[in-house]
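File shown: data31.cif (mmCIF, C-alpha atoms and all ligand atoms).
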data_target
loop_
_atom_site.label_atom_id
_atom_site.label_comp_id
_atom_site.auth_asym_id
_atom_site.auth_seq_id
_atom_site.Cartn_x
_atom_site.Cartn_y
_atom_site.Cartn_z
CA MET A 1 -16.16 -18.20 -5.45
CA ILE A 2 -12.51 -17.81 -4.41
CA LYS A 3 -12.00 -18.84 -0.79
CA ALA A 4 -9.89 -16.34 1.14
CA GLY A 5 -8.28 -16.38 4.57
CA ILE A 6 -7.12 -13.37 6.59
CA ILE A 7 -4.43 -13.54 9.27
CA GLY A 8 -4.29 -10.66 11.77
CA GLY A 9 -7.99 -9.94 11.29
CA SER A 10 -8.51 -7.58 14.21
CA GLY A 11 -5.89 -5.06 13.03
CA TYR A 12 -6.37 -2.07 10.75
CA THR A 13 -5.37 -3.62 7.41
CA GLY A 14 -7.13 -6.90 8.35
CA GLY A 15 -10.33 -4.94 9.03
CA GLU A 16 -10.07 -3.13 5.68
CA LEU A 17 -9.61 -6.47 3.91
CA ILE A 18 -12.72 -7.89 5.55
CA ARG A 19 -14.70 -4.79 4.48
CA LEU A 20 -13.46 -5.14 0.89
CA LEU A 21 -13.83 -8.92 0.61
CA ILE A 22 -17.36 -9.20 2.00
CA ASN A 23 -18.41 -6.92 -0.87
CA HIS A 24 -16.27 -8.65 -3.54
CA SER A 25 -18.39 -10.48 -6.11
CA GLN A 26 -15.87 -13.33 -6.66
CA VAL A 27 -14.61 -13.96 -3.09
CA GLU A 28 -15.94 -15.70 -0.03
CA ILE A 29 -14.13 -15.22 3.29
CA ASP A 30 -13.23 -18.73 4.49
CA PHE A 31 -11.71 -17.72 7.83
CA VAL A 32 -10.33 -14.76 9.75
CA PHE A 33 -7.54 -15.83 12.08
CA SER A 34 -6.87 -13.99 15.32
CA THR A 35 -4.53 -14.60 18.23
CA THR A 36 -6.71 -12.61 20.65
CA ARG A 37 -10.38 -12.87 19.63
CA VAL A 38 -11.12 -16.56 18.91
CA GLY A 39 -14.88 -17.26 18.95
CA LYS A 40 -15.85 -13.59 18.93
CA LYS A 41 -17.81 -11.98 16.08
CA LEU A 42 -15.82 -9.94 13.56
CA SER A 43 -18.01 -7.01 14.59
CA SER A 44 -16.56 -7.20 18.10
CA ALA A 45 -13.33 -5.74 16.65
CA HIS A 46 -14.91 -3.87 13.72
CA PRO A 47 -18.29 -2.52 14.93
CA ASP A 48 -19.14 -1.14 11.47
CA LEU A 49 -19.55 -4.79 10.34
CA LEU A 50 -22.58 -5.26 12.59
CA GLY A 51 -25.33 -6.72 10.40
CA GLN A 52 -22.90 -7.29 7.50
CA THR A 53 -21.53 -10.68 8.55
CA GLU A 54 -22.04 -13.25 11.27
CA LEU A 55 -18.49 -14.63 10.86
CA GLU A 56 -16.39 -15.19 13.97
CA PHE A 57 -12.62 -14.98 14.45
CA THR A 58 -10.96 -18.38 14.55
CA GLY A 59 -7.72 -19.78 15.92
CA LYS A 60 -7.66 -22.43 13.17
CA VAL A 61 -5.99 -21.88 9.83
CA ASN A 62 -7.31 -23.61 6.69
CA LEU A 63 -4.01 -24.43 4.99
CA LYS A 64 -5.80 -25.33 1.72
CA VAL A 65 -7.45 -21.94 1.27
CA GLU A 66 -7.06 -20.47 -2.25
CA VAL A 67 -5.67 -17.11 -1.15
CA VAL A 68 -4.40 -15.92 2.22
CA PHE A 69 -3.65 -12.33 3.26
CA LEU A 70 -1.06 -11.85 6.00
CA CYS A 71 -1.87 -8.63 7.88
CA LEU A 72 0.87 -8.95 10.47
CA GLY A 73 3.63 -6.71 11.77
CA HIS A 74 7.13 -6.94 10.36
CA GLY A 75 8.87 -10.21 11.23
CA ASN A 76 5.60 -11.95 12.12
CA SER A 77 4.71 -12.95 8.54
CA SER A 78 7.86 -15.02 7.99
CA LYS A 79 7.40 -16.52 11.46
CA PHE A 80 3.77 -17.36 10.68
CA LEU A 81 4.67 -18.99 7.33
CA ALA A 82 7.44 -21.02 8.97
CA GLU A 83 4.86 -22.39 11.44
CA ASN A 84 1.99 -22.86 8.93
CA SER A 85 2.67 -24.63 5.60
CA PHE A 86 -0.02 -23.63 3.14
CA SER A 87 -0.86 -25.96 0.24
CA ASN A 88 1.34 -25.55 -2.80
CA THR A 89 -1.54 -23.94 -4.71
CA THR A 90 -2.40 -21.30 -2.08
CA LYS A 91 -1.64 -17.73 -3.18
CA ILE A 92 -0.07 -15.67 -0.41
CA ILE A 93 -0.31 -11.88 -0.23
CA ASP A 94 1.82 -10.44 2.56
CA LEU A 95 1.29 -6.87 3.75
CA SER A 96 4.40 -6.63 5.94
CA ASN A 97 7.88 -5.70 4.75
CA ASP A 98 9.27 -9.20 5.32
CA PHE A 99 9.62 -10.08 1.61
CA ARG A 100 9.62 -6.73 -0.21
CA LEU A 101 13.34 -6.33 -0.89
CA LYS A 102 15.01 -8.49 -3.53
CA ALA A 103 17.40 -9.81 -0.89
CA ASP A 104 14.42 -11.01 1.22
CA SER A 105 12.13 -12.16 -1.58
CA ASN A 106 12.98 -15.88 -1.38
CA PHE A 107 11.40 -17.71 1.50
CA GLU A 108 11.85 -21.50 1.59
CA GLU A 109 10.61 -22.49 -1.92
CA LYS A 110 8.65 -19.28 -2.37
CA GLN A 111 9.60 -16.35 -4.62
CA PHE A 112 7.75 -13.17 -3.65
CA ILE A 113 6.98 -10.55 -6.32
CA TYR A 114 6.76 -6.87 -5.33
CA GLY A 115 3.08 -6.04 -5.67
CA LEU A 116 2.94 -2.61 -7.28
CA PRO A 117 0.70 -3.12 -10.36
CA GLU A 118 1.86 0.16 -11.94
CA LEU A 119 5.37 -1.31 -12.05
CA PHE A 120 5.14 -5.12 -12.28
CA LYS A 121 1.64 -5.93 -13.56
CA ASN A 122 2.70 -8.86 -15.75
CA SER A 123 4.84 -10.52 -13.07
CA ILE A 124 2.04 -10.05 -10.52
CA SER A 125 -0.49 -11.76 -12.81
CA ASP A 126 1.79 -14.81 -12.99
CA ALA A 127 2.81 -14.77 -9.33
CA GLN A 128 1.78 -17.02 -6.47
CA TYR A 129 3.38 -14.96 -3.69
CA ILE A 130 3.09 -11.20 -3.39
CA ALA A 131 4.95 -8.76 -1.16
CA ASN A 132 2.51 -5.86 -0.97
CA PRO A 133 4.34 -2.48 -0.96
CA GLY A 134 4.52 -0.12 2.00
CA CYS A 135 2.11 2.82 2.18
CA PHE A 136 4.66 5.68 1.95
CA ALA A 137 6.51 3.60 -0.66
CA THR A 138 3.39 3.33 -2.82
CA ALA A 139 2.71 7.10 -2.75
CA ILE A 140 6.35 8.02 -3.45
CA GLU A 141 7.05 5.39 -6.10
CA LEU A 142 3.89 6.35 -8.01
CA ALA A 143 5.00 10.00 -7.85
CA LEU A 144 8.46 9.26 -9.29
CA LEU A 145 8.28 6.15 -11.52
CA PRO A 146 7.52 8.00 -14.79
CA LEU A 147 10.69 10.10 -14.28
CA ALA A 148 12.71 7.01 -13.33
CA LYS A 149 11.61 5.21 -16.47
CA LYS A 150 12.92 8.06 -18.63
CA GLY A 151 16.24 8.30 -16.74
CA LEU A 152 15.28 11.72 -15.35
CA LEU A 153 16.06 11.13 -11.68
CA HIS A 154 19.81 11.72 -11.73
CA ASN A 155 19.69 14.77 -9.45
CA ASP A 156 18.81 14.83 -5.75
CA ILE A 157 15.15 14.13 -4.99
CA HIS A 158 13.44 15.78 -2.02
CA VAL A 159 10.32 14.14 -0.60
CA ASN A 160 8.06 15.31 2.18
CA ALA A 161 5.05 13.18 3.09
CA VAL A 162 2.44 13.29 5.80
CA THR A 163 0.51 10.25 7.01
CA GLY A 164 -2.58 9.61 9.10
CA SER A 165 -2.45 7.84 12.45
CA THR A 166 -3.78 4.48 11.12
CA GLY A 167 -0.41 4.10 9.37
CA ALA A 168 1.04 3.15 12.75
CA GLY A 169 -1.30 0.17 13.34
CA ILE A 170 -4.00 -0.43 15.93
CA LYS A 171 -1.81 -0.68 19.03
CA PRO A 172 -2.00 2.66 20.87
CA SER A 173 1.23 4.57 21.32
CA HIS A 174 2.39 7.95 22.62
CA THR A 175 2.21 9.50 19.13
CA THR A 176 -1.22 8.06 18.27
CA HIS A 177 -2.73 9.15 21.59
CA PHE A 178 -5.55 11.62 20.81
CA SER A 179 -4.28 14.25 23.27
CA TRP A 180 -0.89 14.30 21.56
CA ARG A 181 -1.87 13.79 17.93
CA ASN A 182 -4.88 16.07 17.74
CA ASN A 183 -4.02 19.64 16.61
CA ASN A 184 -0.42 18.54 16.24
CA VAL A 185 2.16 17.78 13.54
CA SER A 186 5.67 16.36 13.77
CA TRP A 187 8.33 14.63 11.70
CA TYR A 188 9.94 11.27 12.45
CA LYS A 189 12.78 9.09 11.09
CA PRO A 190 14.16 11.95 8.91
CA PHE A 191 16.25 10.58 5.97
CA THR A 192 16.15 7.04 7.44
CA HIS A 193 12.57 5.73 7.08
CA GLN A 194 12.46 1.96 6.48
CA HIS A 195 10.59 2.34 3.16
CA LEU A 196 13.59 4.05 1.52
CA SER A 197 15.14 0.71 0.52
CA GLU A 198 12.08 -0.56 -1.35
CA ILE A 199 11.55 2.87 -2.97
CA ASN A 200 15.15 2.88 -4.21
CA GLU A 201 14.81 -0.68 -5.53
CA SER A 202 11.65 0.19 -7.48
CA LEU A 203 13.04 3.43 -8.90
CA THR A 204 16.20 1.67 -10.08
CA ALA A 205 14.16 -1.02 -11.88
CA PHE A 206 14.63 1.08 -15.05
CA ASP A 207 17.77 3.08 -14.44
CA ASN A 208 20.51 2.14 -12.01
CA GLU A 209 21.68 5.69 -11.45
CA ILE A 210 19.29 7.79 -9.45
CA GLY A 211 20.01 10.81 -7.27
CA ARG A 212 19.93 10.79 -3.50
CA LEU A 213 16.40 10.45 -2.12
CA ASN A 214 15.93 12.76 0.88
CA PHE A 215 12.74 11.70 2.61
CA LEU A 216 11.04 13.49 5.52
CA PRO A 217 8.00 11.58 6.88
CA ASN A 218 5.48 13.52 8.98
CA ARG A 219 2.67 12.53 11.32
CA GLY A 220 -0.59 14.27 10.46
CA ASN A 221 -3.59 15.17 12.56
CA PHE A 222 -6.03 12.83 10.76
CA PRO A 223 -6.68 9.06 10.81
CA ARG A 224 -6.09 8.01 7.20
CA GLY A 225 -4.33 9.10 4.02
CA ILE A 226 -0.90 10.10 2.73
CA LEU A 227 -0.07 13.31 0.87
CA ALA A 228 3.47 13.25 -0.58
CA THR A 229 5.35 16.04 -2.34
CA ALA A 230 8.51 15.27 -4.29
CA TYR A 231 10.67 17.67 -6.26
CA THR A 232 13.77 17.38 -8.37
CA GLU A 233 15.44 19.20 -11.27
CA PHE A 234 13.62 18.82 -14.56
CA GLN A 235 14.73 20.58 -17.74
CA GLY A 236 11.61 19.94 -19.84
CA SER A 237 8.38 21.96 -19.91
CA ILE A 238 5.31 21.26 -17.73
CA LYS A 239 3.57 20.10 -20.93
CA GLU A 240 6.32 17.53 -21.49
CA ALA A 241 6.12 16.39 -17.86
CA LYS A 242 2.36 15.91 -18.09
CA ALA A 243 2.67 13.99 -21.35
CA LEU A 244 5.28 11.71 -19.78
CA TYR A 245 3.04 10.95 -16.77
CA GLN A 246 -0.11 10.51 -18.88
CA LYS A 247 1.75 8.02 -21.06
CA TYR A 248 3.15 6.05 -18.11
CA TYR A 249 -0.27 5.76 -16.46
CA GLU A 250 -2.42 5.44 -19.60
CA ASN A 251 -3.50 1.90 -18.66
CA ALA A 252 -3.49 2.32 -14.88
CA VAL A 253 -6.87 1.60 -13.35
CA PHE A 254 -6.33 3.55 -10.12
CA THR A 255 -3.56 6.11 -10.74
CA HIS A 256 -4.70 9.32 -12.40
CA ILE A 257 -3.09 12.66 -13.30
CA SER A 258 -4.98 15.73 -12.12
CA HIS A 259 -4.68 19.09 -13.88
CA GLU A 260 -5.84 20.81 -10.70
CA PRO A 261 -3.84 20.86 -7.44
CA ILE A 262 -4.89 17.87 -5.34
CA HIS A 263 -5.84 17.40 -1.70
CA LEU A 264 -6.03 14.37 0.54
CA LYS A 265 -9.80 13.95 0.93
CA GLN A 266 -10.32 13.32 -2.79
CA VAL A 267 -8.68 9.89 -2.40
CA VAL A 268 -9.49 8.92 1.20
CA ASN A 269 -11.69 5.78 1.28
CA THR A 270 -10.73 4.91 -2.31
CA ASN A 271 -8.06 2.76 -3.96
CA ASN A 272 -6.96 5.70 -6.13
CA CYS A 273 -3.67 7.51 -6.35
CA HIS A 274 -4.01 11.06 -7.65
CA ILE A 275 -0.95 12.87 -8.97
CA HIS A 276 -0.42 16.56 -9.78
CA LEU A 277 2.56 18.20 -11.52
CA HIS A 278 3.85 21.75 -11.04
CA LYS A 279 6.93 23.36 -12.61
CA HIS A 280 8.84 26.17 -10.85
CA GLU A 281 11.99 27.44 -12.60
CA ASN A 282 14.08 24.26 -13.10
CA LEU A 283 12.19 22.19 -10.51
CA LEU A 284 9.36 19.73 -11.07
CA LEU A 285 7.08 19.33 -8.04
CA VAL A 286 5.08 16.10 -8.04
CA THR A 287 2.28 15.69 -5.50
CA SER A 288 0.65 12.31 -4.90
CA ALA A 289 -2.18 11.31 -2.59
CA ILE A 290 -3.44 7.88 -1.51
CA ASP A 291 -5.39 6.25 1.28
CA ASN A 292 -2.74 4.40 3.32
CA LEU A 293 -5.12 1.56 4.21
CA LEU A 294 -6.44 1.09 0.64
CA LYS A 295 -3.99 1.86 -2.21
CA GLY A 296 -1.29 1.83 0.49
CA ALA A 297 -2.27 -1.62 1.86
CA SER A 298 -5.50 -3.67 1.68
CA GLY A 299 -6.94 -2.14 -1.52
CA GLN A 300 -3.69 -2.78 -3.36
CA ALA A 301 -3.66 -6.33 -1.91
CA VAL A 302 -7.12 -6.96 -3.43
CA GLN A 303 -5.96 -5.36 -6.71
CA ASN A 304 -3.06 -7.84 -6.74
CA MET A 305 -5.42 -10.74 -5.95
CA ASN A 306 -7.66 -9.67 -8.85
CA LEU A 307 -4.65 -9.72 -11.19
CA ILE A 308 -3.48 -13.14 -9.97
CA PHE A 309 -6.94 -14.69 -10.44
CA ARG A 310 -7.36 -12.90 -13.81
CA LEU A 311 -10.42 -10.99 -12.60
CA ASN A 312 -11.26 -7.43 -13.52
CA GLU A 313 -8.43 -5.43 -11.86
CA GLY A 314 -10.88 -3.06 -10.21
CA GLU A 315 -13.31 -5.75 -8.95
CA GLY A 316 -14.55 -4.91 -5.45
CA LEU A 317 -12.57 -1.66 -5.42
CA GLN A 318 -15.03 0.86 -6.86
CA LEU A 319 -15.22 2.91 -3.68
CA LYS A 320 -16.59 6.31 -2.81
CA ALA A 321 -14.28 9.04 -1.51
CA GLY A 322 -14.93 10.63 1.90
CA VAL A 323 -14.76 14.18 0.43
CA PHE A 324 -16.61 16.03 3.23
N1 LIG A 401 -1.54 0.52 8.69
C1 LIG A 401 -1.15 0.86 7.47
O1 LIG A 401 -1.49 1.93 6.95
C2 LIG A 401 -0.27 -0.08 6.68
C3 LIG A 401 -0.03 0.22 5.33
C4 LIG A 401 0.79 -0.63 4.58
C5 LIG A 401 1.35 -1.75 5.19
N2 LIG A 401 1.10 -2.00 6.49
C6 LIG A 401 1.71 -3.19 7.07
O2 LIG A 401 0.70 -4.18 7.20
C7 LIG A 401 0.95 -4.96 8.37
C8 LIG A 401 -0.29 -4.90 9.28
O3 LIG A 401 -0.49 -3.53 9.62
P1 LIG A 401 -1.71 -3.07 10.52
O4 LIG A 401 -1.69 -1.59 10.50
O5 LIG A 401 -2.95 -3.78 10.12
O6 LIG A 401 -1.23 -3.60 11.95
P2 LIG A 401 -2.11 -3.76 13.26
O7 LIG A 401 -3.28 -2.85 13.21
O8 LIG A 401 -1.16 -3.65 14.39
O9 LIG A 401 -2.64 -5.27 13.19
C9 LIG A 401 -1.81 -6.39 13.22
C10 LIG A 401 -2.59 -7.56 13.80
O10 LIG A 401 -1.72 -8.70 13.83
C11 LIG A 401 -2.10 -9.57 14.89
N3 LIG A 401 -0.88 -9.94 15.63
C12 LIG A 401 -0.16 -9.15 16.46
N4 LIG A 401 0.93 -9.81 16.89
C13 LIG A 401 0.88 -11.05 16.31
C14 LIG A 401 1.73 -12.19 16.35
N5 LIG A 401 2.84 -12.19 17.07
N6 LIG A 401 1.37 -13.27 15.62
C15 LIG A 401 0.26 -13.28 14.88
N7 LIG A 401 -0.59 -12.22 14.82
C16 LIG A 401 -0.25 -11.13 15.51
C17 LIG A 401 -3.08 -8.82 15.76
O11 LIG A 401 -4.36 -9.34 15.42
P3 LIG A 401 -5.06 -10.43 16.32
O12 LIG A 401 -5.06 -9.84 17.70
O13 LIG A 401 -6.41 -10.53 15.71
O14 LIG A 401 -4.25 -11.68 16.21
C18 LIG A 401 -2.97 -7.39 15.26
O15 LIG A 401 -4.19 -6.70 15.38
C19 LIG A 401 2.20 -4.37 9.03
O16 LIG A 401 3.32 -5.10 8.65
C20 LIG A 401 2.23 -2.95 8.47
O17 LIG A 401 3.52 -2.39 8.45
C21 LIG A 401 0.28 -1.21 7.25
#

Written form, structure tokens:
Amino acid sequence: MIKAGIIGGSGYTGGELIRLLINHSQVEIDFVFSTTRVGKKLSSAHPDLLGQTELEFTGKVNLKVEVVFLCLGHGNSSKFLAENSFSNTTKIIDLSNDFRLKADSNFEEKQFIYGLPELFKNSISDAQYIANPGCFATAIELALLPLAKKGLLHNDIHVNAVTGSTGAGIKPSHTTHFSWRNNNVSWYKPFTHQHLSEINESLTAFDNEIGRLNFLPNRGNFPRGILATAYTEFQGSIKEAKALYQKYYENAVFTHISHEPIHLKQVVNTNNCHIHLHKHENLLLVTSAIDNLLKGASGQAVQNMNLIFRLNEGEGLQLKAGVF
């Protein structure tokens, strides 16, 4: 069994990792580190785990663990690694944005690889350190990568995406307060969201010249999931667009092209990304949907771990959608 450690275990992505790893056939959770809940049962923070595990949060880190997941806010992962030197065989999977950009990907002796399997599967399999992508970034990159690969993103790209409240982390805020969020919708960080840099880096992996990416993020009235719509000029037919996407994702375990229009609930609670294509005059509309805490975070982190340890890519990730 692979021994795994989780840092930031009482947060949202930490909780999802615990849920995934206790059901993973090849992994045993070695420790779950917390700054606030030492000695308390994991179920004290995640009540759904009652009866599933007797593990307690710890304040001690096993630096020789085989794989560690950092589920910390931005800036805290690099700080944590500076204060805790893991063995030189420990695989590190970081969920923050500390190491995602090429300019940030070197940390001390470590070289982090951007963990989007649909883009860098081979490098991920050979990697020791993974920078797990952002949730909006995952949904948007998966929607646009097949076009980028064919050099078909030279015109402006318009993206609108709506996220659930868990995307903002467990700490309550004005905009995650039930009274404000419920029956409400609003945009934030128009054209300036922090994921734009990693999205642009991924889309230019194939073709340096891409159009301007105009991204409007929205807060939705639901706890989990991201539905993104992206459109740009496309001269080919809808049949050609579908063929291009089917080809790009022919070996993808979790990203699938739908012939029917998609909705959020068909992917919530799964590690899937569903994509739909629609042509209107000279515009191609691409819709993608993911669960922000799974394909957008902890599920993708487990997918990356599976690749690194040469396990079945989908191990522990065959999940059932919420649907109703
Ligand atoms: N939420 C999402 O949908 C999502 C998606 C993709 C990526 N991410 C990224 O993943 C990371 C974790 O996100 P999250 O939503 O799980 O956040 P979260 O719910 O706020 O959890 C973070 C946890 O980190 C621990 N922590 C807080 N301050 C710390 C510090 N100074 N040093 C060490 N530990 C500290 C806390 O756990 P303890 O009290 O147990 O120590 C806290 O619960 C973030 O960088 C986020 O941007 C999140």

TODO: Compile the contact shell of A:Arg181 as a PyMOL selection string: residues with an atom at most 10 Å away, counting all atoms listed in the file, same-chain residues fewer than 2 positions apart removed.
DONE: chain A and resi 164-165+174-179+183-186+219-223

Open item on the list: Using all atoms listed in the file, can you tell me which of A:Ala289, A:Met305, A:Leu147, A:Ile124 comes closest to A:Val67?
Closed with: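 The shortest atom-to-atom distance to A:Val67 comes from A:Met305.
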
For A:Asn282, list every protein, DNA or RNA residue within 12 Å, evaluated using all atoms listed in the file, and leave out those in the same chain fewer than 6 positions away; present the list as a PDB file with C-alpha atoms, keeping the file's coordinate frame.
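Final file, result_13.pdb:
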ATOM      1  CA  ASN A 155      19.690  14.770  -9.450  1.00  0.00           C
ATOM      2  CA  TYR A 231      10.670  17.670  -6.260  1.00  0.00           C
ATOM      3  CA  THR A 232      13.770  17.380  -8.370  1.00  0.00           C
ATOM      4  CA  GLU A 233      15.440  19.200 -11.270  1.00  0.00           C
ATOM      5  CA  PHE A 234      13.620  18.820 -14.560  1.00  0.00           C
ATOM      6  CA  GLN A 235      14.730  20.580 -17.740  1.00  0.00           C
ATOM      7  CA  GLY A 236      11.610  19.940 -19.840  1.00  0.00           C
ATOM      8  CA  SER A 237       8.380  21.960 -19.910  1.00  0.00           C
ATOM      9  CA  ILE A 238       5.310  21.260 -17.730  1.00  0.00           C
TER      10      ILE A 238
END

Open item on the list: Show me, as a list of chain:residue names, the residues that have an atom within 10 Å of stretch 35-44 of chain A when counting only C-alpha atoms, minus same-chain residues fewer than 4 positions from it.
Closed with: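 The residues satisfying every condition are A:Ile7, A:Gly8, A:Gly9, A:Ser10, A:Gly15, A:Ile18, A:Asp48, A:Leu49, A:Leu50, A:Gly51, A:Gln52, A:Thr53, A:Glu54, A:Leu55, A:Glu56, A:Phe57, A:Thr58, A:Gly59, A:Lys60.
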
Task: Residues within 9 Å of stretch 246-257 of chain A, only C-alpha atoms, excluding chain neighbours under 6 positions, as a VMD selection string - done: chain A and resid 117 to 118 142 145 to 146 149 271 to 277 295 313 to 314

Write out the residues from the selection above, keeping C-alpha atoms, as a compact mmCIF listing (two decimals), in the coordinates of the input.
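selection.txt, freshly written:
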# COMPACT_ATOMS: atom_id res chain seq x y z
CA PRO A 117 0.70 -3.12 -10.36
CA GLU A 118 1.86 0.16 -11.94
CA LEU A 142 3.89 6.35 -8.01
CA LEU A 145 8.28 6.15 -11.52
CA PRO A 146 7.52 8.00 -14.79
CA LYS A 149 11.61 5.21 -16.47
CA ASN A 271 -8.06 2.76 -3.96
CA ASN A 272 -6.96 5.70 -6.13
CA CYS A 273 -3.67 7.51 -6.35
CA HIS A 274 -4.01 11.06 -7.65
CA ILE A 275 -0.95 12.87 -8.97
CA HIS A 276 -0.42 16.56 -9.78
CA LEU A 277 2.56 18.20 -11.52
CA LYS A 295 -3.99 1.86 -2.21
CA GLU A 313 -8.43 -5.43 -11.86
CA GLY A 314 -10.88 -3.06 -10.21

TODO: Select the residues contacting ligand LIG 401 (chain A) at a distance of at most 6 Å, based on all atoms listed in the file, then format the selection as a list in words.
DONE: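 Using all atoms listed in the file, everything at most 6 Å from ligand LIG 401 (chain A) comes to Gly8, Gly9, Ser10, Gly11, Tyr12, Thr13, Gly14, Ser34, Thr35, Thr36, Cys71, Leu72, Gly73, His74, Asn76, Leu95, Ser96, Gly134, Cys135, Thr166, Gly167, Ala168, Gly169, Ile170, Lys171, Asn292, Leu293, Gly296 and Ala297 of chain A.
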
Open item on the list: I'd like the contact shell of A:Gln194 - 12 Å cut-off, only C-alpha atoms, skipping same-chain residues fewer than 4 positions apart - returned as a PyMOL selection string.
Closed with: chain A and resi 74+96-98+100-101+133-137+188-190+198-200+215-217

TODO: Find, counting all atoms listed in the file, the residue in A:Phe80, A:Lys91, A:Met1, A:Asp207 that gets nearest to A:Ser25.
DONE: A:Met1

Polymer residues at most 12 Å from (10.2, 5.3, -3.6) by all atoms listed in the file, as a PDB file with C-alpha atoms, in the coordinates of the input:
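Listing of out36.pdb after writing:
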ATOM      1  CA  LEU A 116       2.940  -2.610  -7.280  1.00  0.00           C
ATOM      2  CA  LEU A 119       5.370  -1.310 -12.050  1.00  0.00           C
ATOM      3  CA  PRO A 133       4.340  -2.480  -0.960  1.00  0.00           C
ATOM      4  CA  GLY A 134       4.520  -0.120   2.000  1.00  0.00           C
ATOM      5  CA  CYS A 135       2.110   2.820   2.180  1.00  0.00           C
ATOM      6  CA  PHE A 136       4.660   5.680   1.950  1.00  0.00           C
ATOM      7  CA  ALA A 137       6.510   3.600  -0.660  1.00  0.00           C
ATOM      8  CA  THR A 138       3.390   3.330  -2.820  1.00  0.00           C
ATOM      9  CA  ALA A 139       2.710   7.100  -2.750  1.00  0.00           C
ATOM     10  CA  ILE A 140       6.350   8.020  -3.450  1.00  0.00           C
ATOM     11  CA  GLU A 141       7.050   5.390  -6.100  1.00  0.00           C
ATOM     12  CA  LEU A 142       3.890   6.350  -8.010  1.00  0.00           C
ATOM     13  CA  ALA A 143       5.000  10.000  -7.850  1.00  0.00           C
ATOM     14  CA  LEU A 144       8.460   9.260  -9.290  1.00  0.00           C
ATOM     15  CA  LEU A 145       8.280   6.150 -11.520  1.00  0.00           C
ATOM     16  CA  PRO A 146       7.520   8.000 -14.790  1.00  0.00           C
ATOM     17  CA  LEU A 147      10.690  10.100 -14.280  1.00  0.00           C
ATOM     18  CA  ALA A 148      12.710   7.010 -13.330  1.00  0.00           C
ATOM     19  CA  LEU A 153      16.060  11.130 -11.680  1.00  0.00           C
ATOM     20  CA  ILE A 157      15.150  14.130  -4.990  1.00  0.00           C
ATOM     21  CA  HIS A 158      13.440  15.780  -2.020  1.00  0.00           C
ATOM     22  CA  VAL A 159      10.320  14.140  -0.600  1.00  0.00           C
ATOM     23  CA  ASN A 160       8.060  15.310   2.180  1.00  0.00           C
ATOM     24  CA  ALA A 161       5.050  13.180   3.090  1.00  0.00           C
ATOM     25  CA  HIS A 193      12.570   5.730   7.080  1.00  0.00           C
ATOM     26  CA  GLN A 194      12.460   1.960   6.480  1.00  0.00           C
ATOM     27  CA  HIS A 195      10.590   2.340   3.160  1.00  0.00           C
ATOM     28  CA  LEU A 196      13.590   4.050   1.520  1.00  0.00           C
ATOM     29  CA  SER A 197      15.140   0.710   0.520  1.00  0.00           C
ATOM     30  CA  GLU A 198      12.080  -0.560  -1.350  1.00  0.00           C
ATOM     31  CA  ILE A 199      11.550   2.870  -2.970  1.00  0.00           C
ATOM     32  CA  ASN A 200      15.150   2.880  -4.210  1.00  0.00           C
ATOM     33  CA  GLU A 201      14.810  -0.680  -5.530  1.00  0.00           C
ATOM     34  CA  SER A 202      11.650   0.190  -7.480  1.00  0.00           C
ATOM     35  CA  LEU A 203      13.040   3.430  -8.900  1.00  0.00           C
ATOM     36  CA  THR A 204      16.200   1.670 -10.080  1.00  0.00           C
ATOM     37  CA  ALA A 205      14.160  -1.020 -11.880  1.00  0.00           C
ATOM     38  CA  ILE A 210      19.290   7.790  -9.450  1.00  0.00           C
ATOM     39  CA  GLY A 211      20.010  10.810  -7.270  1.00  0.00           C
ATOM     40  CA  ARG A 212      19.930  10.790  -3.500  1.00  0.00           C
ATOM     41  CA  LEU A 213      16.400  10.450  -2.120  1.00  0.00           C
ATOM     42  CA  ASN A 214      15.930  12.760   0.880  1.00  0.00           C
ATOM     43  CA  PHE A 215      12.740  11.700   2.610  1.00  0.00           C
ATOM     44  CA  ALA A 228       3.470  13.250  -0.580  1.00  0.00           C
ATOM     45  CA  THR A 229       5.350  16.040  -2.340  1.00  0.00           C
ATOM     46  CA  ALA A 230       8.510  15.270  -4.290  1.00  0.00           C
ATOM     47  CA  SER A 288       0.650  12.310  -4.900  1.00  0.00           C
TER      48      SER A 288
END

Is it possible to get the axis-aligned box enclosing stretch 117-135 of chain A (all listed atoms, 6 Å extra per side) as AutoDock Vina command-line options, with centre and edge lengths in Å rounded to one decimal?
--center_x 2.4 --center_y -7.1 --center_z -6.8 --size_x 17.9 --size_y 31.8 --size_z 29.9

Open item on the list: As an exercise, work out the distance from atom CA of A:Lys279 to atom CA of A:Asp156 in Å and give it to one decimal place.
Closed with: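 Separation of atom CA of A:Lys279 and atom CA of A:Asp156: 16.2 Å.
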
Task: Interatomic distance (Å, one decimal) between atom CA of A:Val65 and atom CA of A:Gln128 - done: 13.0 Å

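Relative to atom CA of A:Glu16, atom CA of A:Gln266 is found at 18.5 Å.
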
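Candidate residues A:Ala103, A:Leu63, A:Ile92, A:Leu285 were compared for distance to A:Ser77, and the nearest is A:Ile92, using all atoms listed in the file.
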
TODO: Select, from A:Ser173, A:Thr287, A:Asn312, A:Gln318, the residue with the minimum atom-to-atom distance to A:Thr270, counting only C-alpha atoms.
DONE: A:Gln318

Open item on the list: Counting all atoms listed in the file, which residue out of A:Thr90, A:Ser298, A:Asn84, A:Asn306 sits closest to A:Val68?
Closed with: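 Once distances to A:Val68 are computed over all atoms listed in the file, the minimum belongs to A:Thr90.
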
Task: Among listed residues A:Leu311, A:Ile29, A:Leu17, A:Val286, nearest A:Ile262 (using only C-alpha atoms) - done: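 Nearest to A:Ile262: A:Val286.
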